[in-house]
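Working notes for the structure below.
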Amino acid sequence: MTTYEKYSKYTIPNYGERDFVVESGKGVWLYGADGKKYLDFGAGIAVLSIGHANPRWVKAVASQAAKLAHCSNLYLSKPHADLAEKLVNKIGAGKVFICNSGTEANEALIKAARLHGAAVSGAEGKKYRIVTALDGFHGRTLGALAATAQEKVQRGYSPLLPGFTYARYNDLESFEKAMGDDVAAVLVEPVQGESGVTPADAKFLKGLKKLCKKYNALLLFDEVQCGIGRSGKFLAAQKYGVMPDGLSMAKGLGGGFPIGAIWLSRKYASLFKPGSHGTTFGGNPLACSAANATLSEIDSKNLIKNAAEMGERLAKGLSNIAHGHSEVIKLTRGLGLMRSVLFKEPYSNADMCRRLRNAGLILIPAGSNALRFLPPLNVKASEVDLALRILEKTIKELKK
Ligand SMILES: Cc1ncc(COP(=O)(O)O)c(C=O)c1O
């Protein structure tokens, strides 16, 4: 049986039809089982922040695997302690909790919000509402799903976890209307990723900060996709100059190893008490070594600066292509190395994605009709230029 046939026969069909079998990767290049190489500007959906098979990462993971892959959270390990120290130094005074994925990190934030609400109102069930943004994405577990205000993601799972109210992104008035004394937190992505890469307005985030203060609610940022250098700063929050009370991270943190984390500011770092939250795998030495190597590579190679510079180059190139082909591309937007192009009907992102892959460029569909550019943070100028050339050539061929 082929890989495709085994998938069809043995895996639950929650991802729909796929036929592209991948075999290996090196840097920004992904190699398919078809023997072809592809410029990987999807990076595993913003995960491969230092590219495929980065030598520092490979060495760290292999040597930690040979030494100690896992220990229970009844014990301490140096990689876990080192990662916590690194994250706090990069983010600010506070503490972190390490878990395994983005959705799990958001679950922890939701629980932190409930603990905060109970603490300040004096009872459970009085102040637990969380306001999130329409078209946001926070994950697939039931808590994160209730926070994800998208009908297509929630369909089939009602009754959802109660206590969520949705407001319009980048619309402070809409959030103002949703607030009340029973609100424990506001949770938003500083750049909405899954719905097509929509950056927040700085004014909006600053306004949310004020609103949260007024209602004694936590301001929480989901930086699962836009964090870890992708915005051109370590956090998008730092790019905007608006620090939340807590935030979630995942994707780019492990450089390909599954890991997630939350950070809570000093004031809220003790919301969780012994026994109030936990995970078997979270913080294990192997995952933390992968994250430590990823962060060391980002620091030692100045990759956040590179992300800012390459992001500008990509933005300019995309904008030129959008102007030259305005009958195909509606707009382009984003921040740092998180960009998208939105196609005009009848052009579709699914069709464009297939054509671009055939031409050697991998992008990720998003929203209703967009494609995302999320290359590794160490992408080179020549690789950005090549991606732009492939995009323009593919559009020209399509128009013929
Ligand atoms: C902003 C955001 N939050 C949460 C998640 C969920 O993360 P995970 O798939 O690691 O559970 C995602 C995944 O795409 C995301 O983009």
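Letters A, B, ... go to the chains of the structure tokens in the order shown; residues in each chain start at 1; ligands are counted from 1 in the same order.
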
Could you produce a table of the residues of chain A lying within 10 Å of ligand 1, with the nearest pair of atoms per residue and their separation in Å rounded to one decimal, using only C-alpha atoms and all ligand atoms, ordered by chain and increasing residue number, as a Markdown table?
```
| residue | atom | partner | partner_atom_place_in_ligand_line | distance |
| --- | --- | --- | --- | --- |
| A:Ile45 | CA | ligand 1 | 14 (O) | 7.2 |
| A:Ala46 | CA | ligand 1 | 16 (O) | 8.6 |
| A:Val47 | CA | ligand 1 | 10 (O) | 9.2 |
| A:Asn100 | CA | ligand 1 | 10 (O) | 7.6 |
| A:Ser101 | CA | ligand 1 | 10 (O) | 4.0 |
| A:Gly102 | CA | ligand 1 | 7 (O) | 3.3 |
| A:Thr103 | CA | ligand 1 | 11 (O) | 3.6 |
| A:Glu104 | CA | ligand 1 | 11 (O) | 6.3 |
| A:Ala105 | CA | ligand 1 | 11 (O) | 7.9 |
| A:Asn106 | CA | ligand 1 | 4 (C) | 6.9 |
| A:Glu107 | CA | ligand 1 | 4 (C) | 9.8 |
| A:Gly136 | CA | ligand 1 | 1 (C) | 7.4 |
| A:Phe137 | CA | ligand 1 | 2 (C) | 5.3 |
| A:His138 | CA | ligand 1 | 3 (N) | 3.7 |
| A:Gly139 | CA | ligand 1 | 6 (C) | 3.8 |
| A:Arg140 | CA | ligand 1 | 11 (O) | 6.6 |
| A:Thr141 | CA | ligand 1 | 11 (O) | 8.0 |
| A:Ala144 | CA | ligand 1 | 4 (C) | 7.8 |
| A:Leu145 | CA | ligand 1 | 6 (C) | 9.5 |
| A:Thr148 | CA | ligand 1 | 3 (N) | 8.9 |
| A:Val188 | CA | ligand 1 | 1 (C) | 8.5 |
| A:Glu189 | CA | ligand 1 | 1 (C) | 6.0 |
| A:Pro190 | CA | ligand 1 | 1 (C) | 8.8 |
| A:Val191 | CA | ligand 1 | 1 (C) | 8.0 |
| A:Gln192 | CA | ligand 1 | 1 (C) | 6.6 |
| A:Gly193 | CA | ligand 1 | 16 (O) | 5.6 |
| A:Glu194 | CA | ligand 1 | 16 (O) | 5.7 |
| A:Ser195 | CA | ligand 1 | 16 (O) | 9.0 |
| A:Val197 | CA | ligand 1 | 16 (O) | 9.9 |
| A:Phe221 | CA | ligand 1 | 1 (C) | 9.1 |
| A:Asp222 | CA | ligand 1 | 1 (C) | 5.6 |
| A:Glu223 | CA | ligand 1 | 1 (C) | 6.0 |
| A:Val224 | CA | ligand 1 | 2 (C) | 4.7 |
| A:Gln225 | CA | ligand 1 | 16 (O) | 4.6 |
| A:Cys226 | CA | ligand 1 | 1 (C) | 7.2 |
| A:Gly227 | CA | ligand 1 | 1 (C) | 9.2 |
| A:Ser248 | CA | ligand 1 | 3 (N) | 8.0 |
| A:Met249 | CA | ligand 1 | 3 (N) | 8.1 |
| A:Ala250 | CA | ligand 1 | 10 (O) | 6.1 |
| A:Lys251 | CA | ligand 1 | 10 (O) | 6.0 |
| A:Gly252 | CA | ligand 1 | 10 (O) | 9.9 |
| A:Pro258 | CA | ligand 1 | 10 (O) | 7.7 |
| A:Ile259 | CA | ligand 1 | 10 (O) | 7.9 |
| A:Gly260 | CA | ligand 1 | 10 (O) | 7.2 |
```

Give me, as CSV, each residue of segment 256-287 of chain A that comes within 9 Å of segment 81-99 of chain A, together with its shortest interatomic pair and the distance in Å at one decimal, counting only C-alpha atoms, with rows ordered by chain and rising residue number.
```
residue,atom,partner,partner_atom,distance
A:Pro258,CA,A:Cys99,CA,8.9
A:Ile259,CA,A:Cys99,CA,5.9
A:Gly260,CA,A:Cys99,CA,4.8
A:Ala261,CA,A:Ile98,CA,4.3
A:Ile262,CA,A:Phe97,CA,5.3
A:Trp263,CA,A:Val96,CA,4.3
A:Leu264,CA,A:Gly94,CA,5.5
A:Ser265,CA,A:Gly94,CA,4.1
A:Arg266,CA,A:Gly94,CA,3.9
A:Lys267,CA,A:Gly94,CA,7.5
A:Tyr268,CA,A:Gly94,CA,7.8
A:Ala269,CA,A:Lys95,CA,5.6
A:Ser270,CA,A:Lys95,CA,8.5
A:Gly278,CA,A:Cys99,CA,8.4
A:Thr279,CA,A:Cys99,CA,6.7
A:Thr280,CA,A:Cys99,CA,8.8
A:Phe281,CA,A:Cys99,CA,7.1
A:Gly282,CA,A:Cys99,CA,3.9
A:Gly283,CA,A:Ile98,CA,5.1
A:Asn284,CA,A:Ile98,CA,8.7
```

Written selection (C-alpha atoms) as an mmCIF file, in the first residue's frame:
```cif
data_model
loop_
_atom_site.group_PDB
_atom_site.id
_atom_site.type_symbol
_atom_site.label_atom_id
_atom_site.label_comp_id
_atom_site.auth_asym_id
_atom_site.auth_seq_id
_atom_site.Cartn_x
_atom_site.Cartn_y
_atom_site.Cartn_z
ATOM 1 C CA PRO A 258 5.600 19.996 19.879
ATOM 2 C CA ILE A 259 5.599 22.473 22.759
ATOM 3 C CA GLY A 260 3.442 25.309 24.064
ATOM 4 C CA ALA A 261 3.760 27.795 26.887
ATOM 5 C CA ILE A 262 1.975 30.530 28.733
ATOM 6 C CA TRP A 263 3.481 33.536 30.435
ATOM 7 C CA LEU A 264 1.653 35.373 33.225
ATOM 8 C CA SER A 265 2.875 38.732 34.460
ATOM 9 C CA ARG A 266 4.246 38.922 37.997
ATOM 10 C CA LYS A 267 0.927 40.146 39.379
ATOM 11 C CA TYR A 268 -0.914 37.054 38.107
ATOM 12 C CA ALA A 269 1.869 34.454 38.168
ATOM 13 C CA SER A 270 0.512 32.873 41.356
ATOM 14 C CA GLY A 278 -0.816 20.090 35.119
ATOM 15 C CA THR A 279 0.314 17.950 32.200
ATOM 16 C CA THR A 280 2.286 14.719 31.842
ATOM 17 C CA PHE A 281 4.430 15.735 28.891
ATOM 18 C CA GLY A 282 4.608 19.507 29.323
ATOM 19 C CA GLY A 283 8.115 20.734 30.098
ATOM 20 C CA ASN A 284 9.819 17.429 29.403
#
```

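Atom CA of Gly275 of chain A to atom CA of Ala108 of chain A spans 13.4 Å [interatomic distance, one decimal].
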
How would you write, as a ChimeraX atom specification, the set of residues in segment 339-391 of chain A that DSSP gives as strand (DSSP E or B)? /A:339-343,361-362,364-366,370-373

Coordinates-based distance that separates atom CA of Asp135 of chain A from atom CA of Gln150 of chain A (Å, one decimal): 5.5 Å

Test item, helix (DSSP H, G or I) assignment across segment 188-376 of chain A, answer as a PyMOL selection string: chain A and resi 202-214+236-240+251-254+266-268+285-300+303-324+349-358

Please compute the atom CA of Arg355 of chain A-atom CA of Lys396 of chain A distance, one decimal, in Å. 11.7 Å

Residue nearest Val384 of chain A among A:Leu48, A:Val153, A:Val28, A:Ala123 (counting only C-alpha atoms): A:Val28
